[in-house]
$ cat data.txt   # compact mmCIF, C-alpha atoms
# COMPACT_ATOMS: atom_id res chain seq x y z
CA MET U 7 12.15 -44.89 -22.44
CA ASP U 8 11.91 -46.16 -18.94
CA SER U 9 8.32 -44.93 -18.76
CA THR U 10 6.73 -47.56 -20.97
CA VAL U 11 5.44 -50.74 -19.49
CA THR U 12 7.50 -53.65 -20.71
CA THR U 13 5.31 -55.92 -22.74
CA GLY U 14 7.90 -58.55 -23.37
CA ALA U 15 7.31 -62.22 -22.88
CA GLN U 16 9.15 -62.15 -19.57
CA GLU U 17 6.31 -60.22 -17.94
CA SER U 18 2.56 -60.69 -18.03
CA VAL U 19 0.96 -57.26 -18.39
CA TRP U 20 -2.56 -58.26 -17.48
CA GLY U 21 -1.71 -60.43 -14.57
CA GLY U 22 -0.81 -57.46 -12.38
CA GLY U 23 2.35 -56.93 -10.46
CA ASN U 24 3.69 -54.28 -12.81
CA ARG U 25 5.19 -51.12 -11.39
CA PRO U 26 5.05 -48.69 -14.28
CA LEU U 27 5.90 -45.70 -12.07
CA GLY U 28 8.58 -47.50 -10.13
CA ALA U 29 7.57 -45.96 -6.83
CA SER U 30 6.16 -47.50 -3.69
CA TYR U 31 2.53 -47.16 -2.69
CA GLY U 32 3.29 -44.76 0.15
CA LYS U 33 5.35 -42.45 -2.01
CA LEU U 34 2.74 -42.41 -4.76
CA MET U 35 0.03 -41.50 -2.28
CA MET U 36 2.18 -38.72 -0.90
CA TRP U 37 2.65 -37.39 -4.41
CA PHE U 38 -1.08 -37.68 -5.00
CA PHE U 39 -1.70 -35.53 -1.95
CA LEU U 40 0.99 -33.05 -2.88
CA VAL U 41 -0.37 -32.54 -6.40
CA SER U 42 -3.86 -31.88 -5.05
CA ASP U 43 -2.46 -29.58 -2.38
CA ALA U 44 -0.45 -27.73 -5.02
CA ILE U 45 -3.66 -27.15 -6.96
CA THR U 46 -5.37 -25.87 -3.80
CA PHE U 47 -2.60 -23.37 -3.16
CA SER U 48 -2.62 -22.34 -6.81
CA GLY U 49 -6.32 -21.68 -6.50
CA PHE U 50 -5.65 -19.32 -3.59
CA LEU U 51 -2.82 -17.56 -5.37
CA ALA U 52 -4.88 -17.25 -8.56
CA ALA U 53 -7.72 -15.73 -6.52
CA TYR U 54 -5.18 -13.31 -5.06
CA GLY U 55 -4.09 -12.42 -8.59
CA PHE U 56 -7.70 -11.92 -9.60
CA SER U 57 -8.37 -9.48 -6.77
CA ARG U 58 -5.09 -7.73 -7.37
CA PHE U 59 -5.82 -7.25 -11.07
CA LYS U 60 -9.24 -5.93 -10.11
CA PHE U 61 -7.65 -3.22 -7.96
CA ILE U 62 -4.36 -2.99 -9.80
CA GLU U 63 -4.19 0.80 -9.43
CA THR U 64 -4.75 0.85 -5.70
CA TRP U 65 -3.07 -2.31 -4.44
CA PRO U 66 -0.66 -1.82 -1.50
CA ILE U 67 3.06 -1.96 -2.27
CA ALA U 68 4.52 -4.86 -0.31
CA ASP U 69 7.84 -3.10 0.25
CA GLU U 70 6.03 -0.42 2.21
CA VAL U 71 4.03 -2.88 4.26
CA PHE U 72 6.62 -5.38 5.42
CA THR U 73 9.44 -3.16 6.59
CA HIS U 74 10.27 -4.53 10.00
CA VAL U 75 12.99 -6.74 11.37
CA PRO U 76 12.78 -7.98 14.97
CA PHE U 77 15.00 -6.12 17.47
CA PHE U 78 15.83 -3.44 14.90
CA HIS U 79 14.14 -0.12 14.37
CA GLY U 80 13.95 1.51 11.03
CA ASN U 81 12.88 0.76 7.52
CA TYR U 82 14.17 -2.56 6.20
CA PRO U 83 11.93 -3.79 3.42
CA MET U 84 12.11 -7.47 2.53
CA TYR U 85 15.14 -8.43 4.59
CA TYR U 86 13.22 -10.41 7.14
CA VAL U 87 11.14 -12.29 4.58
CA ALA U 88 14.34 -13.09 2.70
CA PHE U 89 15.75 -14.46 5.94
CA MET U 90 12.63 -16.60 6.43
CA THR U 91 12.96 -17.92 2.89
CA PHE U 92 16.56 -18.82 3.52
CA ILE U 93 15.66 -20.60 6.79
CA LEU U 94 13.06 -22.68 4.99
CA ILE U 95 15.40 -23.60 2.12
CA MET U 96 18.07 -24.44 4.68
CA SER U 97 15.72 -26.74 6.58
CA SER U 98 14.85 -28.34 3.24
CA VAL U 99 18.54 -29.06 2.78
CA THR U 100 18.89 -30.71 6.18
CA MET U 101 15.81 -32.76 5.29
CA VAL U 102 17.38 -34.05 2.05
CA LEU U 103 20.53 -34.82 3.98
CA ALA U 104 18.40 -36.82 6.44
CA VAL U 105 16.82 -38.75 3.56
CA ASP U 106 20.24 -39.35 2.07
CA ALA U 107 21.60 -40.62 5.38
CA GLY U 108 18.50 -42.82 5.66
CA HIS U 109 19.34 -44.50 2.37
CA LYS U 110 22.74 -45.29 3.82
CA MET U 111 21.08 -46.58 7.02
CA LYS U 112 22.99 -44.18 9.24
CA LYS U 113 20.61 -43.79 12.13
CA ASN U 114 22.45 -41.16 14.15
CA THR U 115 23.00 -38.90 11.16
CA VAL U 116 19.29 -39.09 10.33
CA VAL U 117 18.40 -38.17 13.92
CA TRP U 118 20.73 -35.21 13.84
CA TYR U 119 19.48 -33.86 10.51
CA MET U 120 15.82 -34.39 11.45
CA PHE U 121 16.47 -32.37 14.59
CA LEU U 122 17.97 -29.50 12.58
CA THR U 123 15.00 -29.61 10.19
CA ILE U 124 12.56 -29.29 13.06
CA ILE U 125 14.50 -26.34 14.48
CA GLY U 126 14.40 -24.62 11.08
CA GLY U 127 10.66 -25.21 10.79
CA ALA U 128 10.09 -23.85 14.29
CA ILE U 129 12.07 -20.70 13.54
CA PHE U 130 10.03 -20.20 10.40
CA VAL U 131 6.67 -20.61 12.17
CA GLY U 132 7.85 -18.25 14.91
CA SER U 133 8.87 -15.67 12.32
CA GLN U 134 5.54 -16.04 10.63
CA ALA U 135 3.76 -15.39 13.93
CA TRP U 136 5.91 -12.31 14.53
CA GLU U 137 5.15 -11.07 11.04
CA TRP U 138 1.43 -11.50 11.66
CA ALA U 139 1.62 -9.69 15.00
CA THR U 140 3.47 -6.77 13.41
CA PHE U 141 1.01 -6.62 10.56
CA ILE U 142 -2.01 -6.71 12.85
CA SER U 143 -0.76 -4.08 15.29
CA GLY U 144 0.08 -1.72 12.45
CA ASP U 145 2.58 0.96 11.79
CA TYR U 146 1.56 4.57 11.26
CA GLY U 147 -2.22 4.49 11.36
CA ALA U 148 -4.51 5.85 8.67
CA VAL U 149 -8.05 7.06 8.13
CA GLU U 150 -10.81 5.47 6.10
CA THR U 151 -13.23 7.37 3.87
CA LYS U 152 -16.92 6.82 3.33
CA GLY U 153 -16.15 4.72 0.28
CA GLY U 154 -13.81 2.47 2.22
CA ARG U 155 -10.61 3.98 0.77
CA ILE U 156 -7.57 4.38 3.00
CA LEU U 157 -5.83 7.74 3.34
CA GLN U 158 -2.33 7.71 4.79
CA PHE U 159 -0.18 10.63 5.85
CA VAL U 160 3.27 11.75 4.76
CA LYS U 161 5.57 14.61 5.69
CA ALA U 162 5.39 17.52 3.25
CA ASP U 163 9.12 18.28 3.31
CA ASN U 164 9.97 14.70 2.37
CA THR U 165 6.99 12.91 0.88
CA SER U 166 8.67 9.52 1.02
CA GLU U 167 8.61 9.73 4.79
CA ARG U 168 5.42 8.56 6.42
CA ALA U 169 3.78 10.46 9.25
CA ALA U 170 2.24 8.52 12.09
CA LEU U 171 -1.06 9.67 13.57
CA ALA U 172 0.72 10.22 16.86
CA ASP U 173 3.05 12.74 15.16
CA PHE U 174 0.37 15.29 14.48
CA ALA U 175 -3.02 14.32 15.91
CA LYS U 176 -4.29 16.61 18.66
CA THR U 177 -5.65 15.41 21.92
CA LEU U 178 -8.96 17.20 22.34
CA PRO U 179 -10.87 17.25 25.58
CA GLY U 180 -13.78 14.95 24.97
CA ASP U 181 -16.91 14.24 26.91
CA ARG U 182 -16.95 10.59 25.95
CA VAL U 183 -17.96 8.47 28.91
CA ALA U 184 -17.38 4.75 28.93
CA HIS U 185 -20.60 2.84 29.44
CA GLU U 186 -20.28 0.56 32.41
CA ASN U 187 -21.86 -2.66 33.38
CA LYS U 188 -23.61 -1.19 36.41
CA ASN U 189 -25.44 1.44 34.31
CA GLY U 190 -27.22 -0.70 31.80
CA LEU U 191 -29.65 -3.52 31.57
CA TRP U 192 -28.09 -4.73 28.33
CA PHE U 193 -24.40 -4.26 28.51
CA TYR U 194 -21.93 -4.70 25.69
CA SER U 195 -18.30 -4.00 26.43
CA GLU U 196 -17.06 -1.30 24.11
CA GLY U 197 -14.24 -3.25 22.50
CA TYR U 198 -11.24 -1.70 20.82
CA GLN U 199 -11.06 2.07 20.41
CA PRO U 200 -8.49 3.73 18.15
CA SER U 201 -5.97 5.98 19.90
CA TYR U 202 -7.40 9.10 18.23
CA THR U 203 -10.83 10.15 17.08
CA VAL U 204 -11.47 11.35 13.52
CA ASN U 205 -11.87 14.87 14.85
CA GLU U 206 -8.53 14.80 16.63
CA VAL U 207 -6.80 13.67 13.43
CA LEU U 208 -8.57 16.39 11.41
CA GLU U 209 -7.71 19.15 13.86
CA GLY U 210 -4.13 17.95 14.07
CA PHE U 211 -3.92 17.95 10.29
CA LYS U 212 -5.24 21.50 10.02
CA ALA U 213 -2.77 22.72 12.61
CA ASP U 214 0.32 21.04 11.13
CA SER U 215 1.13 22.32 7.65
CA ASN U 216 3.90 19.76 7.23
CA ILE U 217 1.47 16.87 6.74
CA LEU U 218 -0.04 15.72 3.44
CA VAL U 219 -2.46 12.98 2.51
CA ARG U 220 -1.33 10.02 0.48
CA THR U 221 -4.02 8.07 -1.39
CA GLU U 222 -4.10 4.44 -2.45
CA THR U 223 -3.74 5.29 -6.13
CA ILE U 224 -0.46 4.27 -7.72
CA ASN U 225 0.91 6.84 -10.17
CA ALA U 226 2.92 6.30 -13.35
CA GLU U 227 6.21 6.07 -11.42
CA GLY U 228 4.85 3.21 -9.34
CA ASP U 229 4.49 5.30 -6.19
CA LYS U 230 1.42 6.16 -4.19
CA THR U 231 -0.10 9.54 -5.10
CA VAL U 232 0.51 12.38 -2.64
CA LEU U 233 -2.11 15.13 -2.61
CA SER U 234 -1.49 18.83 -2.21
CA ARG U 235 -2.51 20.59 0.98
CA GLU U 236 -5.85 21.83 -0.45
CA GLU U 237 -6.67 18.48 -2.05
CA SER U 238 -5.81 16.77 1.22
CA LEU U 239 -8.19 18.97 3.21
CA ALA U 240 -10.95 18.37 0.68
CA LYS U 241 -10.35 14.63 0.75
CA LEU U 242 -10.37 14.50 4.53
CA GLN U 243 -13.96 15.77 4.58
CA SER U 244 -15.19 12.30 3.68
CA VAL U 245 -13.32 10.51 6.45
CA THR U 246 -15.47 8.28 8.65
CA GLN U 247 -13.04 6.48 10.91
CA VAL U 248 -9.49 6.01 12.12
CA VAL U 249 -7.81 2.71 11.24
CA GLU U 250 -4.83 1.36 13.14
CA GLY U 251 -3.35 -1.95 12.09
CA ALA U 252 -5.14 -4.55 10.05
CA ASN U 253 -7.85 -7.11 10.45
CA LEU U 254 -10.21 -8.81 8.02
CA ILE U 255 -12.47 -5.74 7.72
CA HIS U 256 -10.19 -2.71 8.00
CA ASN U 257 -6.60 -2.38 6.93
CA GLU U 258 -4.42 0.68 7.34
CA TYR U 259 -2.07 -0.46 4.55
CA GLY U 260 -4.66 -0.01 1.82
CA SER U 261 -7.00 -2.41 0.08
CA ARG U 262 -8.65 -4.62 2.68
CA LEU U 263 -8.45 -7.60 0.34
CA PHE U 264 -4.68 -7.41 0.71
CA ALA U 265 -4.98 -8.17 4.41
CA ASP U 266 -7.60 -10.85 3.81
CA PHE U 267 -5.39 -12.70 1.36
CA PHE U 268 -2.33 -12.16 3.51
CA PHE U 269 -4.01 -13.81 6.49
CA PHE U 270 -5.55 -16.55 4.40
CA ILE U 271 -2.62 -17.59 2.25
CA THR U 272 0.25 -17.16 4.69
CA GLY U 273 -2.00 -18.63 7.38
CA PHE U 274 -2.73 -21.70 5.30
CA HIS U 275 0.94 -22.05 4.49
CA GLY U 276 1.92 -21.49 8.12
CA PHE U 277 -0.52 -24.22 9.14
CA HIS U 278 1.21 -26.52 6.65
CA VAL U 279 4.58 -25.71 8.18
CA PHE U 280 3.18 -26.23 11.65
CA SER U 281 1.77 -29.66 10.79
CA GLY U 282 5.03 -30.43 8.97
CA VAL U 283 6.94 -29.71 12.16
CA LEU U 284 4.62 -32.03 14.10
CA ILE U 285 4.96 -34.85 11.57
CA ASN U 286 8.71 -34.31 11.51
CA LEU U 287 8.72 -34.60 15.31
CA ILE U 288 6.87 -37.91 15.18
CA VAL U 289 9.26 -39.26 12.55
CA PHE U 290 12.18 -37.89 14.56
CA PHE U 291 11.15 -39.90 17.61
CA ASN U 292 10.54 -42.96 15.47
CA VAL U 293 14.03 -42.67 14.04
CA ALA U 294 15.50 -42.17 17.47
CA LEU U 295 13.64 -45.21 18.81
CA GLY U 296 14.96 -47.31 15.94
CA THR U 297 11.58 -48.08 14.35
CA TYR U 298 12.88 -47.65 10.81
CA GLU U 299 16.13 -49.42 11.61
CA LYS U 300 14.05 -52.48 12.55
CA ARG U 301 11.83 -52.02 9.50
CA GLY U 302 14.91 -52.14 7.33
CA HIS U 303 14.35 -48.92 5.42
CA TYR U 304 13.85 -45.21 6.01
CA GLU U 305 11.10 -44.61 3.50
CA MET U 306 9.02 -42.76 6.07
CA VAL U 307 11.74 -40.11 6.30
CA GLU U 308 11.62 -39.82 2.53
CA LYS U 309 7.84 -39.38 2.52
CA VAL U 310 7.77 -36.74 5.23
CA GLY U 311 10.69 -35.17 3.37
CA LEU U 312 8.55 -34.85 0.25
CA TYR U 313 5.92 -33.03 2.28
CA TRP U 314 8.51 -30.77 3.84
CA HIS U 315 10.02 -29.80 0.48
CA PHE U 316 6.55 -29.14 -0.83
CA VAL U 317 5.99 -26.61 1.96
CA ASP U 318 9.24 -24.96 0.91
CA LEU U 319 8.14 -25.00 -2.71
CA VAL U 320 4.86 -23.29 -1.88
CA TRP U 321 6.68 -20.64 0.11
CA VAL U 322 8.85 -19.83 -2.91
CA PHE U 323 5.68 -18.94 -4.80
CA VAL U 324 4.04 -17.10 -1.90
CA PHE U 325 7.24 -15.11 -1.46
CA THR U 326 7.24 -14.09 -5.11
CA PHE U 327 3.60 -13.21 -5.47
CA PHE U 328 3.11 -11.58 -2.09
CA TYR U 329 6.36 -9.81 -1.45
CA LEU U 330 8.22 -9.36 -4.72
CA VAL U 331 5.89 -8.86 -7.66
CA MET T 41 16.22 -49.04 -0.80
CA ALA T 42 19.32 -48.73 -2.88
CA HIS T 43 18.88 -45.63 -4.98
CA GLU T 44 20.66 -44.50 -8.05
CA HIS T 45 21.23 -40.76 -8.00
CA LYS T 46 21.73 -38.68 -11.06
CA LEU T 47 24.47 -36.32 -10.05
CA GLU T 48 24.46 -33.82 -12.88
CA ILE T 49 22.73 -30.45 -12.85
CA PHE T 50 22.55 -27.73 -15.52
CA ARG T 51 22.23 -30.45 -18.20
CA GLY T 52 25.51 -32.05 -17.30
CA LEU T 53 27.48 -28.82 -17.03
CA LEU T 54 28.09 -29.45 -13.34
CA LYS T 55 28.69 -32.97 -12.12
CA PHE T 56 28.96 -33.75 -8.43
CA LYS T 57 30.86 -36.58 -6.84
CA SER T 58 28.19 -37.56 -4.33
CA ASN T 59 24.54 -36.89 -3.57
CA THR T 60 25.46 -34.89 -0.48
CA GLN T 61 27.70 -32.67 -2.52
CA LYS T 62 24.94 -32.12 -5.06
CA ILE T 63 22.55 -31.05 -2.27
CA TRP T 64 24.98 -28.38 -1.06
CA GLY T 65 25.59 -27.27 -4.63
CA VAL T 66 21.86 -26.82 -5.20
CA LEU T 67 21.57 -24.92 -1.91
CA ILE T 68 24.24 -22.47 -3.03
CA PHE T 69 22.46 -22.02 -6.35
CA LEU T 70 19.07 -21.41 -4.68
CA THR T 71 20.62 -18.97 -2.21
CA ILE T 72 22.18 -16.98 -5.03
CA ILE T 73 18.83 -16.79 -6.83
CA THR T 74 17.05 -15.62 -3.66
CA ALA T 75 19.75 -13.00 -3.06
CA VAL T 76 19.35 -11.74 -6.63
CA GLU T 77 15.57 -11.54 -6.18
CA VAL T 78 15.82 -9.62 -2.93
CA GLY T 79 18.49 -7.33 -4.36
CA LEU T 80 16.33 -6.51 -7.37
CA GLY T 81 13.26 -6.16 -5.16
CA ILE T 82 14.96 -3.56 -2.99
CA SER T 83 16.82 -1.61 -5.68
CA LYS T 84 14.07 -1.82 -8.34
CA PRO T 85 16.21 -0.62 -11.28
CA ASP T 86 14.41 1.87 -13.49
CA SER T 87 15.38 0.01 -16.65
CA LEU T 88 13.43 -3.02 -15.42
CA THR T 89 10.41 -1.27 -13.93
CA GLY T 90 10.08 1.19 -16.81
CA ASN T 91 9.88 -1.37 -19.59
CA SER T 92 7.31 -4.06 -19.95
CA PHE T 93 6.79 -7.16 -22.00
CA LEU T 94 3.31 -8.55 -22.73
CA GLY T 95 1.75 -6.05 -20.34
CA MET T 96 3.94 -6.91 -17.37
CA LYS T 97 7.02 -5.12 -16.07
CA LEU T 98 10.33 -6.76 -16.97
CA LEU T 99 11.19 -6.92 -13.27
CA ASN T 100 8.11 -9.00 -12.55
CA TRP T 101 8.94 -11.32 -15.44
CA ILE T 102 12.39 -11.83 -13.94
CA PHE T 103 10.86 -12.60 -10.53
CA ILE T 104 8.45 -15.14 -11.97
CA ILE T 105 11.07 -16.84 -14.11
CA LEU T 106 13.52 -17.03 -11.19
CA THR T 107 10.73 -18.49 -9.05
CA LEU T 108 10.08 -21.20 -11.60
CA VAL T 109 13.81 -21.94 -11.74
CA LYS T 110 13.86 -22.30 -7.96
CA ALA T 111 10.76 -24.49 -8.04
CA TYR T 112 12.43 -26.69 -10.65
CA TYR T 113 15.51 -27.31 -8.54
CA ILE T 114 13.51 -27.88 -5.35
CA ALA T 115 11.34 -30.45 -7.10
CA TRP T 116 14.09 -32.07 -9.14
CA ASP T 117 16.84 -32.31 -6.54
CA PHE T 118 15.24 -31.97 -3.11
CA MET T 119 12.15 -33.98 -3.94
CA HIS T 120 14.45 -36.10 -6.15
CA LEU T 121 12.11 -36.13 -9.12
CA ARG T 122 15.31 -36.30 -11.19
CA ASP T 123 15.75 -39.87 -9.98
CA GLU T 124 12.16 -40.97 -10.60
CA ASN T 125 10.70 -42.56 -13.71
CA SER T 126 9.86 -40.03 -16.39
CA SER T 127 6.23 -41.23 -16.38
CA LEU T 128 5.84 -40.37 -12.69
CA ARG T 129 7.59 -37.07 -13.25
CA ARG T 130 5.34 -36.10 -16.12
CA ALA T 131 2.17 -37.09 -14.26
CA ILE T 132 3.22 -34.96 -11.30
CA VAL T 133 4.42 -31.94 -13.23
CA TRP T 134 2.13 -31.51 -16.20
CA THR T 135 -1.18 -32.10 -14.41
CA PRO T 136 -0.86 -29.06 -12.12
CA VAL T 137 0.98 -27.00 -14.74
CA PHE T 138 -1.90 -27.37 -17.15
CA LEU T 139 -4.61 -26.71 -14.56
CA VAL T 140 -2.82 -23.76 -13.00
CA ALA T 141 -2.03 -22.12 -16.33
CA TYR T 142 -5.69 -22.45 -17.28
CA LEU T 143 -6.99 -21.06 -13.99
CA ALA T 144 -4.49 -18.22 -13.86
CA PHE T 145 -5.26 -17.19 -17.42
CA ILE T 146 -9.01 -17.12 -16.86
CA LEU T 147 -8.93 -15.35 -13.49
CA LEU T 148 -6.39 -12.73 -14.53
CA VAL T 149 -8.26 -11.86 -17.70
CA GLU T 150 -11.49 -11.62 -15.73
CA GLY T 151 -9.83 -9.51 -13.01
CA ASN T 152 -8.53 -7.14 -15.65
CA TYR T 153 -11.99 -6.88 -17.18
CA ILE T 154 -13.53 -5.94 -13.82
CA TYR T 155 -10.78 -3.36 -13.35
CA GLU T 156 -11.80 -1.79 -16.66
CA VAL T 157 -15.45 -1.78 -15.62
CA PHE T 158 -14.51 0.01 -12.40
CA ARG T 159 -12.36 2.49 -14.29
CA ASP T 160 -14.66 3.26 -17.23
CA GLY T 161 -18.07 2.74 -15.67
CA PHE T 162 -20.35 5.53 -14.53
CA VAL T 163 -20.33 4.55 -10.88
CA THR T 164 -17.70 6.16 -8.65
CA TRP T 165 -15.84 3.71 -6.46
CA ASN T 166 -13.23 6.02 -5.08
CA PHE T 167 -14.89 8.45 -2.69
$ encode --input "data.txt" --output "structure tokens"
Amino acid sequence: MDSTVTTGAQESVWGGGNRPLGASYGKLMMWFFLVSDAITFSGFLAAYGFSRFKFIETWPIADEVFTHVPFFHGNYPMYYVAFMTFILIMSSVTMVLAVDAGHKMKKNTVVWYMFLTIIGGAIFVGSQAWEWATFISGDYGAVETKGGRILQFVKADNTSERAALADFAKTLPGDRVAHENKNGLWFYSEGYQPSYTVNEVLEGFKADSNILVRTETINAEGDKTVLSREESLAKLQSVTQVVEGANLIHNEYGSRLFADFFFFITGFHGFHVFSGVLINLIVFFNVALGTYEKRGHYEMVEKVGLYWHFVDLVWVFVFTFFYLV
Amino acid sequence: MAHEHKLEIFRGLLKFKSNTQKIWGVLIFLTIITAVEVGLGISKPDSLTGNSFLGMKLLNWIFIILTLVKAYYIAWDFMHLRDENSSLRRAIVWTPVFLVAYLAFILLVEGNYIYEVFRDGFVTWNF
């Protein structure tokens, strides 16, 4: 039982100076922060679970949302996220190796491993940014109904294959005129316009019999429900707008809360990684300048290491609850 | 800062010669787990998605258990909790575990209740 405070005669319990936890002040404070941060992240993930359970029948399927790999075309669910996970675990390993080298007072090895850790972190943040950009710009496009439900399109001959709006939407001659600054007293720029109007999507749908509507509802097999041609036409009557990509208000992948939580949780985690990279950089330069060599110990590397592993730990959970489950 | 490292994992089944070796060993283990998770996530075997335990699909149970296993090895070996005093370890682990289990239980039950209200209520949400 190394956890109990020794109350033998050799030590005065009340006089102070005991170290029941056997860890330095700095390390304890880092752990303090990490525990509170872990609870913060858990709060976010629990809120995600709450919203998901609320809309359990209509929640987007992550495999169908995150299907892209940079520089490759096609449908590759999960591979890129798995790669990101591996990068982060790998940079965790180089961090432990840096801490280990620090204990042995090998300055150059610490420098080298800190450098690799920073590279790993930078690759991860870059991947995260790419993932966000892909998610925001969207894939196939969809339409939104009056009730805020998303309707997506699939090919009738193979309902597992999605149809993009561009595949079937018609380009109708429109008389829409852009309002210009010179014509108005109060001028608001028009902002983003979807590539197709609701009418163009509807007309395109009527003309192309190979297109069906897919609703948000998940059926017993765990797939999204595909409507028949007649049901699709009936459903499309309630469409109010075209949605391309995702933001905090509209989301072509399905439930808008999915996008909200995606931005919030991966954003908060990405910010942690970003600050971790910055702190790692500072410690890297300190190591290189010999600050810790002069101090006589590399505890700072150990402390920043704890933070870095924590970021990895959080990602393991985000990965599971966002991408796998 | 001379540190004693405990070099055994899997309850002494695997004993490493040095700390560095243990780190690489743990990396291999974590990589295998991640590969298994991704493999299951892509293939989604029917036997695991079709059956459920306590209201959750077996596949999701496997994912959550594997995640906790990964979390254990990250905390124990990378954050070297294995080498810390058991009092520090317990303070760090059980505080969040208790609070998170509590919060998750309450929010998930409540979320499920709201789902039932949406489903069985007289107001249409899907239009």
$ closest_residue --input "data.txt" --among "U:Val149, U:Leu312, U:Ile255, U:Ala128" --to "chain T" --atoms "only C-alpha atoms"
U:Leu312
$ closest_residue --input "data.txt" --among "U:Tyr298, U:Glu70, U:Ile125, U:Trp37" --to "Ile93 (chain U)" --atoms "only C-alpha atoms"
U:Ile125
$ atom_distance --input "data.txt" --atom1 "CA of Phe327 (chain U)" --atom2 "CA of Phe269 (chain U)"
14.2 Å
$ closest_atom_pairs --input "data.txt" --of "chain T" --to "chain U" --cutoff "7 Å" --atoms "all atoms listed in the file" --output "JSON lines"
{"residue": "T:Met41", "atom": "CA", "partner": "U:His109", "partner_atom": "CA", "distance": 6.4}
{"residue": "T:Ala42", "atom": "CA", "partner": "U:His109", "partner_atom": "CA", "distance": 6.7}
{"residue": "T:Thr60", "atom": "CA", "partner": "U:Leu103", "partner_atom": "CA", "distance": 6.6}
{"residue": "T:Ile63", "atom": "CA", "partner": "U:Val99", "partner_atom": "CA", "distance": 6.7}
{"residue": "T:Leu67", "atom": "CA", "partner": "U:Val99", "partner_atom": "CA", "distance": 7.0}
{"residue": "T:Val78", "atom": "CA", "partner": "U:Ala88", "partner_atom": "CA", "distance": 6.8}
{"residue": "T:Gly81", "atom": "CA", "partner": "U:Leu330", "partner_atom": "CA", "distance": 6.0}
{"residue": "T:Asn100", "atom": "CA", "partner": "U:Val331", "partner_atom": "CA", "distance": 5.4}
{"residue": "T:Phe103", "atom": "CA", "partner": "U:Thr326", "partner_atom": "CA", "distance": 6.7}
{"residue": "T:Thr107", "atom": "CA", "partner": "U:Val322", "partner_atom": "CA", "distance": 6.6}
{"residue": "T:Ala111", "atom": "CA", "partner": "U:Leu319", "partner_atom": "CA", "distance": 6.0}
{"residue": "T:Ile114", "atom": "CA", "partner": "U:Leu319", "partner_atom": "CA", "distance": 6.6}
{"residue": "T:Phe118", "atom": "CA", "partner": "U:Val102", "partner_atom": "CA", "distance": 6.0}
{"residue": "T:Met119", "atom": "CA", "partner": "U:Leu312", "partner_atom": "CA", "distance": 5.6}
{"residue": "T:Asn125", "atom": "CA", "partner": "U:Leu27", "partner_atom": "CA", "distance": 6.0}
{"residue": "T:Ser126", "atom": "CA", "partner": "U:Ser9", "partner_atom": "CA", "distance": 5.7}
{"residue": "T:Ser127", "atom": "CA", "partner": "U:Ser9", "partner_atom": "CA", "distance": 4.9}
{"residue": "T:Leu128", "atom": "CA", "partner": "U:Leu27", "partner_atom": "CA", "distance": 5.4}
{"residue": "T:Ile132", "atom": "CA", "partner": "U:Val41", "partner_atom": "CA", "distance": 6.5}
{"residue": "T:Pro136", "atom": "CA", "partner": "U:Ile45", "partner_atom": "CA", "distance": 6.2}
{"residue": "T:Val140", "atom": "CA", "partner": "U:Ser48", "partner_atom": "CA", "distance": 6.4}
{"residue": "T:Leu143", "atom": "CA", "partner": "U:Ala52", "partner_atom": "CA", "distance": 7.0}
{"residue": "T:Ala144", "atom": "CA", "partner": "U:Ala52", "partner_atom": "CA", "distance": 5.4}
{"residue": "T:Leu147", "atom": "CA", "partner": "U:Phe56", "partner_atom": "CA", "distance": 5.3}
{"residue": "T:Leu148", "atom": "CA", "partner": "U:Phe56", "partner_atom": "CA", "distance": 5.2}
{"residue": "T:Gly151", "atom": "CA", "partner": "U:Lys60", "partner_atom": "CA", "distance": 4.6}
{"residue": "T:Asn152", "atom": "CA", "partner": "U:Phe59", "partner_atom": "CA", "distance": 5.3}
{"residue": "T:Ile154", "atom": "CA", "partner": "U:Lys60", "partner_atom": "CA", "distance": 5.7}
{"residue": "T:Tyr155", "atom": "CA", "partner": "U:Lys60", "partner_atom": "CA", "distance": 4.4}
{"residue": "T:Trp165", "atom": "CA", "partner": "U:Gly153", "partner_atom": "CA", "distance": 6.8}
{"residue": "T:Asn166", "atom": "CA", "partner": "U:Gly153", "partner_atom": "CA", "distance": 6.2}
{"residue": "T:Phe167", "atom": "CA", "partner": "U:Gly153", "partner_atom": "CA", "distance": 4.9}
$ atom_distance --input "data.txt" --atom1 "CA of Leu171 (chain U)" --atom2 "CA of Asp266 (chain U)"
23.6 Å
$ closest_residue --input "data.txt" --among "U:Leu191, U:Val219, U:Ala184, U:Ala104" --to "Asn59 (chain T)" --atoms "all atoms listed in the file"
U:Ala104
$ residues_around --input "data.txt" --residues "region 50-56 of chain T" --least-positions-apart "6" --cutoff "12 Å" --atoms "only C-alpha atoms" --output "list in words"
Lys62, Ile63, Trp64, Gly65, Val66, Phe69, Val109, Tyr112, Tyr113, Trp116, Asp117 and Arg122 of chain T
$ atom_distance --input "data.txt" --atom1 "CA of Ile102 (chain T)" --atom2 "CA of Glu167 (chain U)"
28.8 Å
$ closest_residue --input "data.txt" --among "U:Val71, U:Val249, U:Met35, U:Leu94" --to "Phe328 (chain U)" --atoms "all atoms listed in the file"
U:Val71
